[in-house]
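Visitor: Just dropping this structure here.
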Amino acid sequence: MARSGVRIDPAAREHVDAAINDWMQDVIGDAILTDAKGLVHKKSSRLHDSLRAEVHDKVLRVGSLDCNYAASVELGSSQPVIKAKYKQALFWEGADHPVRAVYNHTTKPYPYLRPALFQRRTP
């Protein structure tokens with residue numbers, strides 16, 4: 001009786017992983033990045049221009065590394081009180097007098113990454 005079997009080349013895993021990374025970058029990553037750039041709140045174009053998509057070890061990351069306020073735009077922010085940190089009071093040009101604290105408003109969220117991520121994608 002003849003034996004049969006399948007023999008898999010050990011290098012095949014690397015080829016499959018490379019193909020998955022390429023597909024995630026070129027198809028999914030570019031689509032999510034395009035949608036996110038279309039949805040981002042454009043008060044200035046700094047956040048829009050800083051959005052990137054990259055793939056490492058079959059993990060796709062889309063977002064901004066350059067803008068420190070990217071998460072605040074996506075999720076909104078709530079910092080009700082700003083207190084003096086290094087001096088005893090806060091002062092800015094046009095203020096009547098120095099103050100110890102400023103009561104800040106909250107910013108509402110303008111989601112751009114989550115809607116781009118949750119878009120239905122069909123080939």
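In the structure tokens, the first chain shown is A, the next is B, and so on; residue numbers restart at 1 for each chain, and ligands run from 1 in the order shown.
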What lies within 7 Å of region 109-111 of chain A using only C-alpha atoms, ignoring chain neighbours under 4 positions off, as a PyMOL selection string?
Guide: chain A and resi 41+73-76+115
Visitor: Go ahead and save the picked residues with N, CA, C and O atoms, as an mmCIF file, in the first residue's frame.
Guide:
data_model
loop_
_atom_site.group_PDB
_atom_site.id
_atom_site.type_symbol
_atom_site.label_atom_id
_atom_site.label_comp_id
_atom_site.auth_asym_id
_atom_site.auth_seq_id
_atom_site.Cartn_x
_atom_site.Cartn_y
_atom_site.Cartn_z
ATOM 1 N N HIS A 41 -12.065 66.082 11.624
ATOM 2 C CA HIS A 41 -12.489 67.473 11.791
ATOM 3 C C HIS A 41 -11.321 68.369 11.403
ATOM 4 O O HIS A 41 -10.269 68.321 12.009
ATOM 5 N N VAL A 73 -9.509 64.842 19.952
ATOM 6 C CA VAL A 73 -10.462 65.075 18.862
ATOM 7 C C VAL A 73 -11.376 63.865 18.726
ATOM 8 O O VAL A 73 -12.593 64.005 18.593
ATOM 9 N N GLU A 74 -10.812 62.672 18.782
ATOM 10 C CA GLU A 74 -11.588 61.438 18.623
ATOM 11 C C GLU A 74 -12.548 61.218 19.793
ATOM 12 O O GLU A 74 -13.711 60.898 19.590
ATOM 13 N N LEU A 75 -12.069 61.386 21.017
ATOM 14 C CA LEU A 75 -12.852 61.025 22.195
ATOM 15 C C LEU A 75 -13.450 62.202 22.947
ATOM 16 O O LEU A 75 -14.271 62.012 23.839
ATOM 17 N N GLY A 76 -13.021 63.420 22.616
ATOM 18 C CA GLY A 76 -13.436 64.582 23.384
ATOM 19 C C GLY A 76 -12.542 64.709 24.603
ATOM 20 O O GLY A 76 -11.749 63.825 24.914
ATOM 21 N N PRO A 115 -15.472 55.543 13.145
ATOM 22 C CA PRO A 115 -16.356 55.365 11.989
ATOM 23 C C PRO A 115 -15.616 54.814 10.765
ATOM 24 O O PRO A 115 -16.183 54.039 9.999
#
Visitor: Which of region 45-95 of chain A counts as alpha helix (DSSP H) under DSSP, as a PyMOL selection string please?
Guide: chain A and resi 46-50+70-75
Visitor: The selected residues should be written to file as a PDB file, in the first residue's frame (atoms: C-alpha atoms).
Guide:
ATOM      1  CA  ARG A  46      -2.146  69.212  10.913  1.00  0.00           C
ATOM      2  CA  LEU A  47      -4.080  66.195  12.222  1.00  0.00           C
ATOM      3  CA  HIS A  48      -5.276  65.282   8.724  1.00  0.00           C
ATOM      4  CA  ASP A  49      -1.729  65.340   7.338  1.00  0.00           C
ATOM      5  CA  SER A  50      -0.292  63.359  10.249  1.00  0.00           C
ATOM      6  CA  ALA A  70      -5.504  63.324  18.172  1.00  0.00           C
ATOM      7  CA  ALA A  71      -7.154  61.370  21.001  1.00  0.00           C
ATOM      8  CA  SER A  72      -8.898  64.507  22.277  1.00  0.00           C
ATOM      9  CA  VAL A  73     -10.462  65.075  18.862  1.00  0.00           C
ATOM     10  CA  GLU A  74     -11.588  61.438  18.623  1.00  0.00           C
ATOM     11  CA  LEU A  75     -12.852  61.025  22.195  1.00  0.00           C
TER      12      LEU A  75
END
Visitor: Name the closest residue to Lys37 (chain A) among the candidates A:Leu113, A:Val102, A:Val81, A:Ala2; distances are taken between atoms, counting only C-alpha atoms.
Guide: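 Distance minimum relative to Lys37 (chain A) lands on A:Leu113.
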Visitor: From the set A:Val27, A:Arg100, A:Asn21, A:His15, which residue has the shortest atom-to-atom contact distance to Thr122 (chain A), counting only C-alpha atoms?
Guide: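 Smallest separation from Thr122 (chain A) among the options: A:Val27.
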Visitor: I'd like the contact shell of Tyr112 (chain A) - 6 Å cut-off, only C-alpha atoms, skipping same-chain residues fewer than 6 positions apart - returned as JSON, numbers by chain.
Guide: {"A": [36, 39, 40]}
Visitor: Counting only C-alpha atoms, figure out which residue out of A:Ala116, A:His56, A:Pro80, A:Gly63 gets nearest to Ala18 (chain A).
Guide: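 Among the listed residues, A:His56 lies closest to Ala18 (chain A).
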Visitor: Closest to Ser78 (chain A) among A:Gly29, A:Arg120, A:Thr107, A:Asp9, using only C-alpha atoms?
Guide: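 Among the listed residues, the smallest separation from Ser78 (chain A) belongs to A:Thr107.
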Visitor: Can you list, as a PDB file with C-alpha atoms, in the first residue's frame, every protein, DNA or RNA residue that comes within 12 Å of Ile20 (chain A) when you count only C-alpha atoms, leaving out same-chain residues fewer than 3 positions away?
Guide:
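Result file part14.pdb:
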ATOM      1  CA  ARG A  13       4.867  30.529   6.568  1.00  0.00           C
ATOM      2  CA  GLU A  14       7.045  33.569   5.806  1.00  0.00           C
ATOM      3  CA  HIS A  15       5.445  33.941   2.365  1.00  0.00           C
ATOM      4  CA  VAL A  16       1.938  33.731   3.815  1.00  0.00           C
ATOM      5  CA  ASP A  17       2.763  36.246   6.555  1.00  0.00           C
ATOM      6  CA  TRP A  23      -2.908  42.845   1.886  1.00  0.00           C
ATOM      7  CA  MET A  24      -3.553  44.558   5.221  1.00  0.00           C
ATOM      8  CA  GLN A  25      -1.402  47.539   4.235  1.00  0.00           C
ATOM      9  CA  ASP A  26      -2.512  47.951   0.607  1.00  0.00           C
ATOM     10  CA  VAL A  27      -6.194  47.085   0.877  1.00  0.00           C
ATOM     11  CA  ILE A  28      -7.550  47.470   4.390  1.00  0.00           C
ATOM     12  CA  GLY A  29      -5.063  50.019   5.742  1.00  0.00           C
ATOM     13  CA  VAL A  55       1.474  47.065   9.464  1.00  0.00           C
ATOM     14  CA  HIS A  56       3.929  45.131  11.630  1.00  0.00           C
ATOM     15  CA  ASP A  57       3.608  41.374  12.211  1.00  0.00           C
ATOM     16  CA  LYS A  58       0.015  41.214  10.941  1.00  0.00           C
ATOM     17  CA  VAL A  59      -1.094  44.106  13.179  1.00  0.00           C
ATOM     18  CA  LEU A  60      -2.550  47.139  11.418  1.00  0.00           C
TER      19      LEU A  60
END
Visitor: Enumerate, as an MDAnalysis selection string, the complete set of residues in chain A that a backbone-based DSSP assignment places in strand (DSSP E).
Guide: chainID A and resid 51:56 59:64 81:83 101:103
Visitor: Give me a file of those residues, with N, CA and C atoms, as an mmCIF file, in the first residue's frame.
Guide:
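Written output follows (result-v2.cif):
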data_model
loop_
_atom_site.group_PDB
_atom_site.id
_atom_site.type_symbol
_atom_site.label_atom_id
_atom_site.label_comp_id
_atom_site.auth_asym_id
_atom_site.auth_seq_id
_atom_site.Cartn_x
_atom_site.Cartn_y
_atom_site.Cartn_z
ATOM 1 N N LEU A 51 -1.991 61.653 9.800
ATOM 2 C CA LEU A 51 -2.553 60.304 9.876
ATOM 3 C C LEU A 51 -1.748 59.342 9.010
ATOM 4 N N ARG A 52 -1.460 58.168 9.547
ATOM 5 C CA ARG A 52 -0.677 57.155 8.864
ATOM 6 C C ARG A 52 -1.286 55.780 9.115
ATOM 7 N N ALA A 53 -0.968 54.852 8.212
ATOM 8 C CA ALA A 53 -1.337 53.445 8.393
ATOM 9 C C ALA A 53 -0.080 52.613 8.223
ATOM 10 N N GLU A 54 0.140 51.700 9.153
ATOM 11 C CA GLU A 54 1.313 50.832 9.062
ATOM 12 C C GLU A 54 0.972 49.451 9.590
ATOM 13 N N VAL A 55 1.690 48.456 9.074
ATOM 14 C CA VAL A 55 1.474 47.065 9.464
ATOM 15 C C VAL A 55 2.801 46.484 9.937
ATOM 16 N N HIS A 56 2.776 45.852 11.098
ATOM 17 C CA HIS A 56 3.929 45.131 11.630
ATOM 18 C C HIS A 56 3.434 43.819 12.208
ATOM 19 N N VAL A 59 -0.337 43.169 12.341
ATOM 20 C CA VAL A 59 -1.094 44.106 13.179
ATOM 21 C C VAL A 59 -1.140 45.437 12.444
ATOM 22 N N LEU A 60 -2.347 45.879 12.127
ATOM 23 C CA LEU A 60 -2.550 47.139 11.418
ATOM 24 C C LEU A 60 -2.782 48.249 12.432
ATOM 25 N N ARG A 61 -2.037 49.343 12.292
ATOM 26 C CA ARG A 61 -2.220 50.511 13.154
ATOM 27 C C ARG A 61 -2.495 51.717 12.273
ATOM 28 N N VAL A 62 -3.587 52.398 12.571
ATOM 29 C CA VAL A 62 -3.957 53.617 11.852
ATOM 30 C C VAL A 62 -4.121 54.712 12.887
ATOM 31 N N GLY A 63 -3.480 55.852 12.652
ATOM 32 C CA GLY A 63 -3.600 56.954 13.588
ATOM 33 C C GLY A 63 -2.503 57.970 13.379
ATOM 34 N N SER A 64 -2.269 58.772 14.398
ATOM 35 C CA SER A 64 -1.288 59.841 14.330
ATOM 36 C C SER A 64 -0.306 59.708 15.473
ATOM 37 N N VAL A 81 -10.641 71.940 35.367
ATOM 38 C CA VAL A 81 -9.882 72.959 36.082
ATOM 39 C C VAL A 81 -8.427 72.917 35.642
ATOM 40 N N ILE A 82 -7.873 74.082 35.291
ATOM 41 C CA ILE A 82 -6.453 74.210 34.998
ATOM 42 C C ILE A 82 -5.847 75.019 36.136
ATOM 43 N N LYS A 83 -4.882 74.410 36.833
ATOM 44 C CA LYS A 83 -4.260 75.074 37.979
ATOM 45 C C LYS A 83 -2.825 75.460 37.633
ATOM 46 N N ALA A 101 -6.586 79.489 39.301
ATOM 47 C CA ALA A 101 -7.133 78.398 38.499
ATOM 48 C C ALA A 101 -8.091 78.963 37.450
ATOM 49 N N VAL A 102 -8.235 78.217 36.374
ATOM 50 C CA VAL A 102 -9.156 78.575 35.302
ATOM 51 C C VAL A 102 -10.095 77.391 35.106
ATOM 52 N N TYR A 103 -11.369 77.688 35.046
ATOM 53 C CA TYR A 103 -12.348 76.637 34.804
ATOM 54 C C TYR A 103 -12.561 76.513 33.307
#
Visitor: For the atom pair CA of Tyr86 (chain A) and CA of Cys67 (chain A), what is the interatomic distance in Å to one decimal place?
Guide: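 Straight-line distance from CA of Tyr86 (chain A) to CA of Cys67 (chain A) works out to 24.6 Å.
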